[in-house]
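Presented below is the structure to which this report refers.
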Amino acid sequence: MGLGDRTAQVRKLRVLTVLVLAVGPLAGCGGDDAASAPAPGSTLDATLVDRDGDGALERGPGEPLRDRTELGGGGAPGEVLATFAQITDAHVRDEESPARVPFLDRLGSPFTTAFRPQESLSAQVLAASVRSVNRLRPQAVAVTGDLVDNAQGDELDLAATLLNGGRARPDTGAPGYDGVQQASNPDPLIYRPDNDAPRRPGLLEQAQRSFDTPGLAAPWYAAAGNHDLLAQGEAPPTPQIQTFATGSTELQSLDPNVRADRDTDPALAVDELLSQQLPGRTRSVPADPARRLVTEADLLRRFKQPGRDGRLDYTFDIGPSARAIVLDAVDREGGSRGRVLATQLGWLRNELARARERSVVVFSHQPLDASDGGEAALRVLDGSPRVVAAIAGHRHRNRITPRREGGYWLIETSALADHPQQTRAFRLRRAPRGVVLETWMLDHDGRGLAGAARELAFLDAQGGRPRGLSGAVGDRNARLYVPGGGSAGR
């Protein structure tokens, strides 16, 4: 489709309508030394903004910490007790896998954001984020779930390399790109960088190239996400899905007569779609046995955690004054909504007691206030004066709300998969009464293809920008006072 064909262009970009705004080259789409890439670092110093509405991001002023005293407290922060960071919802993906369903977007709710224009660049975005987090020099990094997109072994291996350091190899199947964004795909709802605005010829081939990554300098600790254990984050692995994932048949576009019932269960829909005769146009692609979907045991082994009853429940310390509790809220029966089991509550209560006088932060993928059984878990946390915050990802948004019943904060962090492609920094400090948790966002360094990914995420018509997932300033950069928070702050 030519760029001059306005009628076809508008139809082509139903998902990517705003991409027509980008008439110039994408920042950072060249090599790692691309001069146009914004400097990495803290949004306390600078932010990325689109001043003139042309779809291109540029450096803007920083956002200072906003004092939030809804729970009480206040005053000048004192000694730093712990420094840590959060990476969430990276969705590192094998975008060439036949077990993906990006075409479901056209069916509407509940199928949204199944395709992203920057999806072939997820490895480069995580690598750039790791470099930015390393500049913070945290004592620990929490990776709060959906590290990968489709629970595939090759995705998990790639993500682990990006976090641990080494030679990252994004390409799967046969050498070269074999996914839905090929120029030859006539699907009008898929962005093809060789053909469509903003044109980036050769982007897909560049995305498949191997590259070196330093890995995180600090220890990292993972929480399980639904996309880490379920096909497309919805369906438990079945023999039929495994066969499809490791096979050589790809569904490129859906039969236009297929319709979705708004009451459709997404897990059942994904399972049925990948287990039966495919309703639409298919093609042959190179098979790859490494695309086998992982098991709970695979996840525990790669994350180097013993787990508990097959779940990724464990604790770790952030220096001598803070303890983190990681809670596995993935529903093994399927679906993206979190689920906390009754058997986990006793363990949680015991771990809070074992923390003694340390301040406690709790990590999960799904927010506890939006999980089945999550309210019961929050009530357990309410009973401990040492809890400072319950921190999650999953909903791809920045949001901070006070939990008044327990005197701590509920913190949600936006996704690397979507705009604004940021990680979150934390600094626990003494306060005149209790403790204060300072938190702010970190931009990745935008080097190489990560810069292209950030621009495409910004322009995505169904992505984080139009949905307001960046949140308000007080949801991003804030000083959160906790009058309790453990004797370390008293």
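Residue names in the structure tokens use chain letters A, B, ... in the order shown, residue numbers from 1 in each chain, and ligand numbers from 1 in the order shown.
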Neighbouring residues of A:Phe458 were defined as those with any atom within 10 Å, considering only C-alpha atoms; residues of the same chain fewer than 2 positions away were excluded. Please report them as a short mmCIF file (atom, residue, chain, number, x, y, z; two decimals) with C-alpha atoms, in the first residue's frame.
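Output saved as selection-v3.cif:
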```cif
data_model
loop_
_atom_site.label_atom_id
_atom_site.label_comp_id
_atom_site.auth_asym_id
_atom_site.auth_seq_id
_atom_site.Cartn_x
_atom_site.Cartn_y
_atom_site.Cartn_z
CA VAL A 18 -1.76 8.27 14.94
CA LEU A 19 1.32 6.82 13.25
CA ASP A 50 5.88 15.89 22.71
CA GLY A 55 4.43 12.56 17.42
CA ALA A 56 8.17 12.93 18.20
CA LEU A 57 9.41 12.79 21.80
CA GLN A 118 6.84 -2.25 18.51
CA ASP A 418 3.64 0.02 26.34
CA HIS A 419 4.16 3.76 26.61
CA PRO A 420 5.85 5.21 28.65
CA GLN A 421 8.29 2.25 28.75
CA ALA A 452 12.38 3.15 17.76
CA ALA A 453 10.32 1.03 20.12
CA ARG A 454 9.64 3.98 22.40
CA GLU A 455 8.46 6.13 19.50
CA LEU A 456 6.17 3.41 18.17
CA ASP A 460 0.23 3.33 19.20
CA ALA A 461 -3.45 4.28 18.96
CA GLN A 462 -4.52 1.63 21.46
CA GLY A 463 -1.42 1.85 23.66
CA GLY A 464 -0.49 3.54 26.90
CA ARG A 465 -0.66 7.17 25.80
CA PRO A 466 -4.31 7.37 24.67
#
```
Residue contacts of A:Asn477 (7 Å, only C-alpha atoms) excluding same-chain residues fewer than 3 positions away, as a PDB file with C-alpha atoms, in the first residue's frame:
```pdb
ATOM      1  CA  GLU A  63       9.071  16.052  37.724  1.00  0.00           C
ATOM      2  CA  PRO A  64       9.885  16.571  41.411  1.00  0.00           C
ATOM      3  CA  LEU A  65       8.668  14.228  44.134  1.00  0.00           C
ATOM      4  CA  ARG A  66       5.182  15.070  45.379  1.00  0.00           C
ATOM      5  CA  THR A 439       9.510   6.491  44.304  1.00  0.00           C
ATOM      6  CA  TRP A 440      10.118   7.855  40.829  1.00  0.00           C
ATOM      7  CA  MET A 441      10.205   6.684  37.222  1.00  0.00           C
ATOM      8  CA  VAL A 473       2.466  13.094  38.548  1.00  0.00           C
ATOM      9  CA  GLY A 474       1.589  11.859  42.045  1.00  0.00           C
TER      10      GLY A 474
END
```
| request: Compare A:Gly215, A:Pro289, A:Gly310, A:Pro367 by their minimum atom-to-atom distance to A:Ala245, counting only C-alpha atoms, and give me the closest one. | output: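 Among the listed residues, the smallest separation from A:Ala245 belongs to A:Pro289.
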| query | Skipping near chain neighbours, those fewer than 5 positions away, what residues fall within 10 Å of A:Ala90 using only C-alpha atoms, listed as a list in words? | reply |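 Listing them by chain and then by number gives Ser122, Ala123, Val125, Leu126, Ser129, Val143, Thr144, Gly145, Asp146, Leu147, Val148, Asp149, Ala159, Ser414, Ala415, Leu416, Ala417, Asp418, Gln421, Gln422 and Thr423 of chain A.
Here atom CA of A:Thr282 and atom CA of A:Leu121 stand 24.0 Å from one another.
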| message | I want to know what sits within 7 Å of A:Asp382, based on only C-alpha atoms, with residues of the same chain fewer than 3 positions away left out; could you give that as an NGL selection string? | response | :A and (378-379 or 405-406)
So that I have them on file, write out the residues from the current selection with N, CA and C atoms, as a short mmCIF file (atom, residue, chain, number, x, y, z; two decimals), in the first residue's frame.
```
data_model
loop_
_atom_site.label_atom_id
_atom_site.label_comp_id
_atom_site.auth_asym_id
_atom_site.auth_seq_id
_atom_site.Cartn_x
_atom_site.Cartn_y
_atom_site.Cartn_z
N LEU A 378 -4.89 -8.63 51.67
CA LEU A 378 -4.71 -7.27 52.15
C LEU A 378 -5.07 -7.14 53.63
N ARG A 379 -6.08 -7.86 54.05
CA ARG A 379 -6.44 -7.82 55.47
C ARG A 379 -5.33 -8.41 56.34
N GLU A 405 -6.91 1.29 55.70
CA GLU A 405 -7.18 0.29 56.73
C GLU A 405 -5.89 -0.24 57.36
N GLY A 406 -4.82 -0.30 56.56
CA GLY A 406 -3.57 -0.86 57.07
C GLY A 406 -2.46 0.16 57.23
#
```
Can you list every residue in stretch 13-256 of chain A that DSSP puts in strand (DSSP E or B), as an mmCIF file with N, CA and C atoms, in the first residue's frame?
```cif
data_model
loop_
_atom_site.group_PDB
_atom_site.id
_atom_site.type_symbol
_atom_site.label_atom_id
_atom_site.label_comp_id
_atom_site.auth_asym_id
_atom_site.auth_seq_id
_atom_site.Cartn_x
_atom_site.Cartn_y
_atom_site.Cartn_z
ATOM 1 N N GLY A 41 17.825 7.929 32.330
ATOM 2 C CA GLY A 41 17.887 8.281 33.732
ATOM 3 C C GLY A 41 16.597 8.690 34.371
ATOM 4 N N SER A 42 16.761 9.346 35.484
ATOM 5 C CA SER A 42 15.672 9.674 36.383
ATOM 6 C C SER A 42 14.767 10.746 35.810
ATOM 7 N N ALA A 46 14.716 14.897 34.191
ATOM 8 C CA ALA A 46 14.156 15.258 32.887
ATOM 9 C C ALA A 46 13.106 14.232 32.501
ATOM 10 N N THR A 47 12.149 14.656 31.700
ATOM 11 C CA THR A 47 11.127 13.755 31.173
ATOM 12 C C THR A 47 11.144 13.832 29.652
ATOM 13 N N LEU A 48 10.394 12.933 29.017
ATOM 14 C CA LEU A 48 10.241 12.948 27.568
ATOM 15 C C LEU A 48 8.841 13.449 27.230
ATOM 16 N N VAL A 49 8.761 14.446 26.375
ATOM 17 C CA VAL A 49 7.486 15.083 26.056
ATOM 18 C C VAL A 49 7.376 15.311 24.559
ATOM 19 N N GLU A 58 10.780 14.471 22.843
ATOM 20 C CA GLU A 58 11.989 15.244 23.082
ATOM 21 C C GLU A 58 12.160 15.461 24.583
ATOM 22 N N ARG A 59 13.328 15.888 24.976
ATOM 23 C CA ARG A 59 13.645 16.072 26.381
ATOM 24 C C ARG A 59 12.857 17.240 26.952
ATOM 25 N N GLY A 60 12.264 17.023 28.122
ATOM 26 C CA GLY A 60 11.517 18.063 28.801
ATOM 27 C C GLY A 60 11.960 18.188 30.255
ATOM 28 N N PRO A 61 11.326 19.067 31.026
ATOM 29 C CA PRO A 61 11.732 19.275 32.423
ATOM 30 C C PRO A 61 11.415 18.061 33.293
ATOM 31 N N ARG A 66 6.339 14.462 44.723
ATOM 32 C CA ARG A 66 5.182 15.070 45.379
ATOM 33 C C ARG A 66 4.994 14.436 46.761
ATOM 34 N N ASP A 67 4.949 15.258 47.795
ATOM 35 C CA ASP A 67 4.693 14.730 49.131
ATOM 36 C C ASP A 67 3.255 14.231 49.226
ATOM 37 N N ARG A 68 3.097 12.992 49.682
ATOM 38 C CA ARG A 68 1.773 12.415 49.873
ATOM 39 C C ARG A 68 1.650 11.963 51.325
ATOM 40 N N VAL A 80 18.922 6.979 54.406
ATOM 41 C CA VAL A 80 18.446 6.008 53.426
ATOM 42 C C VAL A 80 18.629 4.608 53.993
ATOM 43 N N LEU A 81 17.552 3.825 54.027
ATOM 44 C CA LEU A 81 17.566 2.472 54.570
ATOM 45 C C LEU A 81 17.680 1.407 53.489
ATOM 46 N N ALA A 82 17.134 1.668 52.309
ATOM 47 C CA ALA A 82 17.172 0.681 51.225
ATOM 48 C C ALA A 82 16.904 1.381 49.903
ATOM 49 N N THR A 83 17.548 0.898 48.848
ATOM 50 C CA THR A 83 17.317 1.392 47.491
ATOM 51 C C THR A 83 17.060 0.191 46.588
ATOM 52 N N PHE A 84 15.954 0.222 45.863
ATOM 53 C CA PHE A 84 15.625 -0.899 44.988
ATOM 54 C C PHE A 84 14.850 -0.396 43.783
ATOM 55 N N ALA A 85 14.630 -1.271 42.817
ATOM 56 C CA ALA A 85 13.946 -0.900 41.583
ATOM 57 C C ALA A 85 12.947 -1.975 41.204
ATOM 58 N N GLN A 86 12.030 -1.601 40.323
ATOM 59 C CA GLN A 86 11.018 -2.529 39.819
ATOM 60 C C GLN A 86 10.993 -2.484 38.303
ATOM 61 N N ILE A 87 11.078 -3.649 37.686
ATOM 62 C CA ILE A 87 10.845 -3.822 36.253
ATOM 63 C C ILE A 87 9.594 -4.674 36.115
ATOM 64 N N VAL A 92 8.760 -9.790 26.931
ATOM 65 C CA VAL A 92 9.749 -10.228 25.947
ATOM 66 C C VAL A 92 9.113 -11.341 25.124
ATOM 67 N N ALA A 140 18.664 -4.230 45.054
ATOM 68 C CA ALA A 140 17.896 -5.346 44.512
ATOM 69 C C ALA A 140 16.941 -4.817 43.456
ATOM 70 N N VAL A 141 16.529 -5.708 42.550
ATOM 71 C CA VAL A 141 15.551 -5.366 41.516
ATOM 72 C C VAL A 141 14.441 -6.405 41.556
ATOM 73 N N ALA A 142 13.199 -5.952 41.699
ATOM 74 C CA ALA A 142 12.038 -6.839 41.643
ATOM 75 C C ALA A 142 11.487 -6.817 40.222
ATOM 76 N N VAL A 143 11.333 -7.993 39.632
ATOM 77 C CA VAL A 143 10.764 -8.138 38.289
ATOM 78 C C VAL A 143 9.368 -8.709 38.485
ATOM 79 N N THR A 144 8.360 -7.841 38.421
ATOM 80 C CA THR A 144 7.033 -8.225 38.897
ATOM 81 C C THR A 144 6.128 -8.788 37.803
ATOM 82 N N VAL A 148 7.807 -12.414 30.150
ATOM 83 C CA VAL A 148 7.663 -12.860 28.767
ATOM 84 C C VAL A 148 6.202 -12.748 28.352
ATOM 85 N N GLN A 152 6.657 -19.094 26.625
ATOM 86 C CA GLN A 152 7.483 -20.005 25.832
ATOM 87 C C GLN A 152 8.893 -20.096 26.404
ATOM 88 N N GLY A 166 24.974 -11.314 28.827
ATOM 89 C CA GLY A 166 25.447 -12.287 27.860
ATOM 90 C C GLY A 166 25.051 -11.899 26.446
ATOM 91 N N ARG A 167 25.099 -12.872 25.563
ATOM 92 C CA ARG A 167 24.775 -12.653 24.161
ATOM 93 C C ARG A 167 23.298 -12.948 23.942
ATOM 94 N N ALA A 168 22.509 -11.921 23.681
ATOM 95 C CA ALA A 168 21.076 -12.075 23.460
ATOM 96 C C ALA A 168 20.821 -12.396 21.996
ATOM 97 N N PHE A 211 22.943 -9.442 20.059
ATOM 98 C CA PHE A 211 23.663 -8.309 20.653
ATOM 99 C C PHE A 211 24.077 -8.676 22.074
ATOM 100 N N ASP A 212 25.074 -7.974 22.581
ATOM 101 C CA ASP A 212 25.564 -8.198 23.937
ATOM 102 C C ASP A 212 24.834 -7.302 24.914
ATOM 103 N N THR A 213 24.561 -7.818 26.095
ATOM 104 C CA THR A 213 23.892 -7.048 27.134
ATOM 105 C C THR A 213 24.614 -7.272 28.452
ATOM 106 N N TRP A 220 18.390 -9.847 41.094
ATOM 107 C CA TRP A 220 16.996 -9.627 40.709
ATOM 108 C C TRP A 220 16.141 -10.783 41.187
ATOM 109 N N TYR A 221 14.884 -10.448 41.484
ATOM 110 C CA TYR A 221 13.944 -11.400 42.075
ATOM 111 C C TYR A 221 12.627 -11.283 41.322
ATOM 112 N N ALA A 222 12.122 -12.407 40.839
ATOM 113 C CA ALA A 222 10.956 -12.387 39.953
ATOM 114 C C ALA A 222 9.684 -12.831 40.654
ATOM 115 N N ALA A 223 8.600 -12.171 40.308
ATOM 116 C CA ALA A 223 7.253 -12.636 40.642
ATOM 117 C C ALA A 223 6.653 -13.256 39.385
ATOM 118 N N ALA A 231 -0.636 -19.533 28.026
ATOM 119 C CA ALA A 231 -0.585 -19.149 26.616
ATOM 120 C C ALA A 231 -1.342 -17.838 26.422
ATOM 121 N N ALA A 235 -4.594 -18.970 28.668
ATOM 122 C CA ALA A 235 -4.955 -20.386 28.610
ATOM 123 C C ALA A 235 -3.845 -21.267 29.181
ATOM 124 N N THR A 249 2.727 -23.977 11.271
ATOM 125 C CA THR A 249 1.564 -23.323 10.669
ATOM 126 C C THR A 249 1.227 -22.062 11.445
ATOM 127 N N GLU A 250 1.204 -20.946 10.749
ATOM 128 C CA GLU A 250 0.892 -19.661 11.377
ATOM 129 C C GLU A 250 -0.400 -19.095 10.799
ATOM 130 N N LEU A 251 -1.297 -18.668 11.669
ATOM 131 C CA LEU A 251 -2.503 -17.963 11.243
ATOM 132 C C LEU A 251 -2.157 -16.489 11.092
ATOM 133 N N GLN A 252 -2.171 -15.991 9.869
ATOM 134 C CA GLN A 252 -1.768 -14.604 9.626
ATOM 135 C C GLN A 252 -2.915 -13.620 9.794
ATOM 136 N N SER A 253 -4.103 -14.003 9.403
ATOM 137 C CA SER A 253 -5.246 -13.103 9.566
ATOM 138 C C SER A 253 -6.504 -13.924 9.781
ATOM 139 N N LEU A 254 -7.421 -13.347 10.522
ATOM 140 C CA LEU A 254 -8.628 -14.037 10.935
ATOM 141 C C LEU A 254 -9.708 -13.919 9.854
#
```
| field | Gap from atom CA of A:Asn195 to atom CA of A:Gln182 - Å, one decimal | value |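 Between atom CA of A:Asn195 and atom CA of A:Gln182 the gap works out to 9.1 Å.
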| field | Proximity to A:Asp328 - best of A:Leu469, A:Val101, A:Ala224, A:Val380, only C-alpha atoms | value |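 Once distances to A:Asp328 are computed over only C-alpha atoms, the minimum belongs to A:Ala224.
Interatomic distance, atom CA of A:Gly374 to atom CA of A:Arg339: 6.8 Å.
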| task | Considering only C-alpha atoms, return as a PyMOL selection string whatever protein or nucleic-acid residues lie within 8 Å of A:Leu71, sequence-local ones (same chain, fewer than 3 positions apart) excluded. | result | chain A and resi 402+404+407-408+481-483
| task | Taking the DSSP assignment computed from this structure's backbone, write out as an NGL selection string all residues of stretch 104-350 of chain A that belong to helix (DSSP H, G or I). | result | :A and (104-107 or 119-136 or 153-164 or 203-207 or 226-229 or 239-245 or 266-275 or 289-291 or 296-303 or 342-350)
Prev. selection, C-alpha atoms, output as a compact mmCIF listing (two decimals), in the first residue's frame:
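Final output, out_7.txt:
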```
# COMPACT_ATOMS: atom_id res chain seq x y z
CA LEU A 104 -7.71 -10.83 17.83
CA ASP A 105 -7.60 -7.04 18.28
CA ARG A 106 -10.13 -6.61 15.49
CA LEU A 107 -12.75 -8.47 17.55
CA GLU A 119 6.43 -5.94 19.38
CA SER A 120 9.56 -7.09 17.53
CA LEU A 121 11.72 -4.84 19.74
CA SER A 122 10.87 -6.13 23.22
CA ALA A 123 14.36 -7.56 23.84
CA GLN A 124 16.04 -4.27 22.98
CA VAL A 125 13.68 -2.35 25.28
CA LEU A 126 14.47 -4.60 28.25
CA ALA A 127 18.20 -4.34 27.57
CA ALA A 128 17.97 -0.54 27.48
CA SER A 129 15.96 -0.56 30.72
CA VAL A 130 18.57 -2.76 32.41
CA ARG A 131 21.26 -0.23 31.51
CA SER A 132 19.19 2.58 32.99
CA VAL A 133 18.42 0.67 36.21
CA ASN A 134 22.12 -0.09 36.65
CA ARG A 135 22.83 3.64 36.83
CA LEU A 136 20.63 3.77 39.95
CA GLY A 153 10.82 -21.49 26.79
CA ASP A 154 12.71 -19.51 24.14
CA GLU A 155 11.18 -16.26 25.42
CA LEU A 156 12.15 -17.11 28.98
CA ASP A 157 15.71 -17.99 27.97
CA LEU A 158 16.07 -14.70 26.10
CA ALA A 159 14.66 -12.68 29.00
CA ALA A 160 16.96 -14.41 31.49
CA THR A 161 19.96 -13.57 29.31
CA LEU A 162 18.89 -9.93 29.19
CA LEU A 163 18.68 -9.81 33.00
CA ASN A 164 21.78 -11.88 33.72
CA LEU A 203 13.73 -2.61 11.07
CA LEU A 204 12.56 -6.23 11.35
CA GLU A 205 15.85 -7.60 10.07
CA GLN A 206 17.77 -5.40 12.53
CA ALA A 207 15.56 -6.64 15.36
CA ASN A 226 -0.02 -14.77 33.95
CA HIS A 227 1.92 -14.39 30.66
CA ASP A 228 4.83 -16.27 32.22
CA LEU A 229 2.72 -19.42 32.74
CA PRO A 239 -0.97 -30.74 24.18
CA GLN A 240 -2.77 -29.07 21.27
CA ILE A 241 -1.32 -25.64 22.09
CA GLN A 242 2.15 -27.14 22.54
CA THR A 243 1.89 -28.76 19.11
CA PHE A 244 0.80 -25.50 17.56
CA ALA A 245 3.54 -23.46 19.29
CA PRO A 266 -10.59 -15.22 26.74
CA ALA A 267 -8.85 -18.36 28.03
CA LEU A 268 -11.36 -20.64 26.32
CA ALA A 269 -11.21 -18.55 23.14
CA VAL A 270 -7.42 -18.80 22.92
CA ASP A 271 -7.50 -22.53 23.64
CA GLU A 272 -10.18 -23.17 21.02
CA LEU A 273 -8.43 -20.99 18.45
CA LEU A 274 -5.09 -22.76 18.83
CA SER A 275 -6.52 -26.25 19.23
CA PRO A 289 11.03 -26.90 19.38
CA ALA A 290 12.39 -24.21 21.73
CA ARG A 291 8.92 -22.59 21.64
CA GLU A 296 5.89 -24.27 36.89
CA ALA A 297 9.09 -26.26 37.46
CA ASP A 298 10.72 -24.58 34.43
CA LEU A 299 9.85 -21.16 35.82
CA LEU A 300 11.21 -21.89 39.28
CA ARG A 301 14.43 -23.28 37.84
CA ARG A 302 15.07 -20.33 35.54
CA PHE A 303 14.25 -17.84 38.31
CA ALA A 342 -6.38 -19.57 51.19
CA THR A 343 -3.27 -21.69 51.80
CA GLN A 344 -1.08 -18.70 50.95
CA LEU A 345 -2.59 -16.54 53.69
CA GLY A 346 -1.09 -18.51 56.56
CA TRP A 347 2.32 -18.43 54.88
CA LEU A 348 1.98 -14.68 54.38
CA ARG A 349 1.05 -14.16 58.02
CA ASN A 350 4.08 -16.19 59.15
```
